[in-house]
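Read the structure below first, then the notes.
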Amino acid sequence: MVLNVFWSIKNSYMVILITLLFASLLSCSFEKTRVTENPFDPLSFKEFVEPDFPFFSTYIDARKIGVGFPENNVVSRGLVILLDDSSYVCFDRDLLRWSVAWTGEGLTKSMLPEVSYRDFFNKKNSVPLVAGKPDLANGIYPGWSRGKRIFNEVRPKGQYSEGFTWGALQKSYGHWNGVYVYGSKVVLSYDISGTEIFEMPGSVRHGDETIYTRALEVGASEDTLFLNATELIGGIDEKSDGENSYIYYGEKRDSVVAVSVVSEGSLSKPLVAVTEGRHLSVSFPPSNLNRKATVFLWKGAVKDLEKFHFVRDTTRVGMPMFNEGGSMRWNDEVLTKGKLGVDTASFVTDLLTLPIPNPWKRNIRVMDIAFMDNNKAAVTTFEGDVWILSGIDDKLESLTWRRFASGLYEPMSIEVYKEDIYVYGKEGIIRLHDLNGDGEADYYENFSDVMQQSAESYEWASDMVISEKHSIIISKGGGLTARPGITKTMTEGFRAGSNHAGVVMRISLDGKQSEVLASGFRAPYLGFDPISGALTATDQQGNYVPSTPIYVIDSGDYFGVPATKHREDSPDPKRPLSWIPHRVDRSPGSQVWVTSDKMGPLNQSLLHFSFGRPGLFKVLIDSTSKGLQGGVVSINSYYSTPVIKGEIGPLDGQLYMAGFNLFGSSSKGISAIQRLRYTGKNSYIPNGIKTGKQGIMLSFDSQLDAIEAFNLFNYRVKRWNYKRTKHYGSGHFTMDGEAGEEVLPVVGSYLSADKKSVLLLILDIKEVDQMEVLYTLKASDGTLLNDGVWLSVNYVESLDLELFGFEGVDLSKLDLNGVEMSSLMKYDPPITRDRGKELFEKMGCLGCHSPGTETAGMYGPPFKGLYGSERKMTDGSTIQADDSYLRESILEPEKKIVEGYEAEMPSFQGILSEPDIDALLLYIMYLKY
């Protein structure tokens with residue numbers, strides 16, 4: 001039949017055209033180009049704030065927006081709504097108020113996700129300010145009240161923190177429910193004392209004037225409800241007639257702020273009034289019926305007042321059917337093809353190619369991943385987006401990505417619980433709803449905002465886990481001074497932040513109740529065993545955090561940061577399960593318990609994510625009769641980018657890892673989702689550790705070569721303590737408190753009967769913060785094992801050697817009375833440039849300082865041309881970068897800070913010997929050429 005139609009067309013050119021068109025349509029329908037590479041080209045991305053999505057989330061400092069506006073106006077959980085014709089309003093989700101409305105430009109380019117959006121390593125964020133022309137504002141008081149007008153802070157004193165009050169209103173007063181997305185509009189949902197309110201903000205342009213609108217549906221109420229519309233300070237006259245109110249200002253009474261209300265129906269009409277000569281408010285009388293009204297707001301010249309009246313009289317705003325879901329916004333998908341790692345080791349990494357490029361020219365820096373029952377995965381990004389990934393299988397050849405949600409506030413965690421998607425960001429925990437089943441979120445529900453959030457940019461909403469048995473557990477970062485902020489400095493390195501800065505909290509499964517489990521953190525990330533309920537955390541090295549710790553958390557614990565203690569007593573900080581040296585992992589991510597039975601030697605293990613290294617560590621737990629201690633060993637594989645979060649795949653049982661680069665990782669990759677896959681090949685990493693009076697026992701996944709295991713020169717053991725001080729990180733200190741590390745002699749080594757464990761007899765085992773055991777061994781199949789274990793010794797008990805398969809151990813070797821420990825130390829290598837270069841890389845300097853001139857992604861200044869140059873300090877002084885200055889910078893880096901940088905370098909006191917420093921200086925000197 002189709003052929004008959006074709007042949008009936010006389011024009012042969014038409015036949016060719018239709019045939020080509022038909023073939024093209026078939027091609028578009030059945031074949032779509034798959035993305036196989038992710039070119040992170042900054043020029044290929046559009047702006048961070050998308051003009052065709054109606055909102056984004058941020059904090060704002062609006063205390064200095066001009067004369068006549070409230071002086072106290074800060075928003076920590078702001079919903080910035082893009083209105084018509086370059087106008088904006090920031091809705092304060094905590095106080096349910098219009099904080100500020102303005103026209104022209106949006107906000108200053110200040111948020112960390114924004115400044116780094118196309119400049120991937122730019123960490124110079126600042127506090128967002130209004131960049132356009134402010135029109136309307138309200139101070140820090142509720143946007144609504146019941147029974148009487150309220151223009152003061154009503155939140156409990158417990159939410160006050162050093163000059164600011166943070167957090168949501170008490171639920172009995174009011175509650176933020178969430179935001180509906182409907183095309184280019186949003187509908188806000190909240191309640192005041194149980195009265196449900198829906199609001200659709202908007203604006204109308206008439207000539208050069210912008211008139212703001214608030215379309216409202218107000219539920220029944222027994223009391224009068226008052227809407228605080230706007231505040232003007234310095235008015236000289238006022239006028240009201242019930243439906244309209246005006247405040248006139250200016251030396252010649254030539255400017256005015258106007259508010260009008262137009263309602264449907266004739267009963268219980270709302271009224272506008274001026275209070276205290278500065279507040280314009282709208283009252284809604286008691287009613288047993290729902291009411292609809294539109295509030296019009298405007299600020300301008302008196303001569304243009306008729307334009308406001310015209311818009312008020314001619315504009316009628318209808319509320320859409322928002323609760324049924326809107327039309328699809330991102331009606332396209334991106335197809336990608338992953339890359340499998342070559343099975344050359346027991347564990348390899350596969351790459352799940354991201355949807356870059358995509359039709360929206362959107363950058364994608366993945367933060368977290370969570371699986372759904374159908375083996376799809378929900379992925380959250382630092383940009384505030386959520387994507388749904390499907391097609392995950394063994395080969396990764398047919399991955400499909402769809403956008404699901406946007407506009408979120410630095411959402412660092414995502415979980416799927418009973419098939420609902422929960423995202424944890426600075427606005428709290430959001431539950432996303434697809435109301436019409438089109439694959440996109442229509443309703444962003446405020447599931448829980450019981451955790452306080454300040455306007456400090458580094459008070460991260462860092463991690464979240466959800467368990468039906470153990471509720472919801474979240475962690476929050478401290479208010480660090482490393483970036484500009486607004487709260488006062490409490491201690492070196494920390495601003496006040498909120499009362500929940502630097503804590504781990506438990507939240508009930510309904511999102512309504514909370515308790516602080518532990519405090520005193522700098523920037524914690526979580527690990528959670530869903531089977532046992534065991535909870536662990538990492539923290540970031542910095543002020544009061546001497547190195548990277550792994551903590552086991554019990555209720556009531558305190559972990560050492562005074563500014564985030566949030567308690568009246570002063571307990572000693574809890575000791576970690578293990579410290580990790582700066583040179584091994586200077587910046588951790590979260591942790592994951594491997595509940596799978598498909599990851600071979602990693603089954604049932606706790607894995608630790610490293611942002612700085614980057615990569616993974618296996619955590620070895622040493623259980624004693626007095627408590628826990630342990631250590632870490634690296635899981636060597638190729639990691640293309642830093643890894644921050646991860647989850648076990650429900651079908652294949654492998655580990656999927658998400659992460660992106662920004663804060664000075666050794667990796668240069670921007671972002672990726674990687675899969676750590678067990679190939680079934682032999683594994684050679686340690687799987688157990690026991691420390692006792694006799695020494696250290698290490699167990700391996702594979703049998704060891706006996707000759708190499710017995711060779712004492714194949715082991716190097718050191719120990720040191722840290723000092724928890726106000727300074728960034730810590731040097732290394734001997735048992736007597738002097739700067740330095742102690743080398744512990746290995747006086748005997750023994751192989752267990754099964755040849756999988758080695759016992760090292762070590763002199764003078766004591767409780768100590770950090771031990772390092774480096775080894776060069778061989779497996780029985782000839783594979784070289786050259787690695788290390790880093791552990792902490794919290795308790796010293798006698799080892800039951802026979803229980804672990806060791807017989808005939810000569811413990812008399814531990815009796816070396818009169819032998820000086822220093823006499824057993826190994827030879828110190830000569831001072832050379834090569835030694836300096838090796839130290840530069842080994843000590844992690846390379847992650848923060850470029851040996852060339854590169855500054856992108858670096859915390860510290862580049863080293864090429866550094867030696868002998870003039871350096872300008874933050875105090876305005878200058879100094880020559882000679883041996884004396886560089887030596888001081890290595891040992892006491894907080895003393896002199898180069899202009900443009902922060903005090904974020906740890907001391908290498910006791911870590912580098914004098915010959916080490918000489919070699920490093922020699923290396924830096926020759927980088928001049």
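Labeling convention for the structure tokens: chains A, B, ... as they appear, residues from 1 per chain, ligands from 1 in order of appearance.
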Could you give me, as a Markdown table, a per-residue list for stretch 145-243 of chain A showing, wherever an atom lies at most 8 Å from an atom of stretch 487-500 of chain A, the closest pair of atoms and their distance in Å to one decimal, using only C-alpha atoms and sorting by chain then residue number from low to high?
```
| residue | atom | partner | partner_atom | distance |
| --- | --- | --- | --- | --- |
| A:Gln159 | CA | A:Asn499 | CA | 6.8 |
| A:Tyr160 | CA | A:Asn499 | CA | 7.6 |
| A:Ser161 | CA | A:Ser498 | CA | 5.8 |
| A:Glu162 | CA | A:Ala496 | CA | 6.4 |
| A:Gly163 | CA | A:Thr487 | CA | 7.2 |
| A:Phe164 | CA | A:Thr487 | CA | 7.6 |
| A:Thr165 | CA | A:Ser498 | CA | 8.0 |
| A:Trp166 | CA | A:Ser498 | CA | 6.3 |
```
Write down as a ChimeraX atom specification the residues belonging to stretch 675-799 of chain A that are assigned strand (DSSP E or B) by DSSP computed on the backbone. /A:675-678,686-692,695-700,704,715-721,728,733,739,742-744,746-751,757-762,768-779,784-793
Just want the 10 Å neighbourhood of A:Gly265, counted on only C-alpha atoms, with same-chain residues fewer than 2 positions away dropped. Output as a PyMOL selection string. chain A and resi 262-263+267-269+291-293
Those of stretch 6-149 of chain A in DSSP helix (DSSP H, G or I), formatted as a ChimeraX atom specification: /A:6-7,12-30,42-44,112-115
For atom CA of A:Glu238 and atom CA of A:Phe308, the interatomic separation in Å (one decimal):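 Straight-line distance from atom CA of A:Glu238 to atom CA of A:Phe308 works out to 16.7 Å.
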Compile the contact shell of A:Arg63 as a PyMOL selection string: residues with an atom at most 12 Å away, counting only C-alpha atoms, same-chain residues fewer than 3 positions apart removed. chain A and resi 60+66-75+99-100+127-130+134+137-140+486
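Each of A:Lys895, A:His206, A:Lys148, A:Lys755 was compared to A:Leu225 using only C-alpha atoms, and A:Lys148 turns out to be the nearest.
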Would you list the contacts of A:Arg362 as JSON, numbers by chain, taking every protein, DNA or RNA residue within 8 Å and counting only C-alpha atoms, but skipping same-chain residues closer than 2 positions in sequence? {"A": [45, 46, 48, 356, 357, 358, 359, 360, 364]}
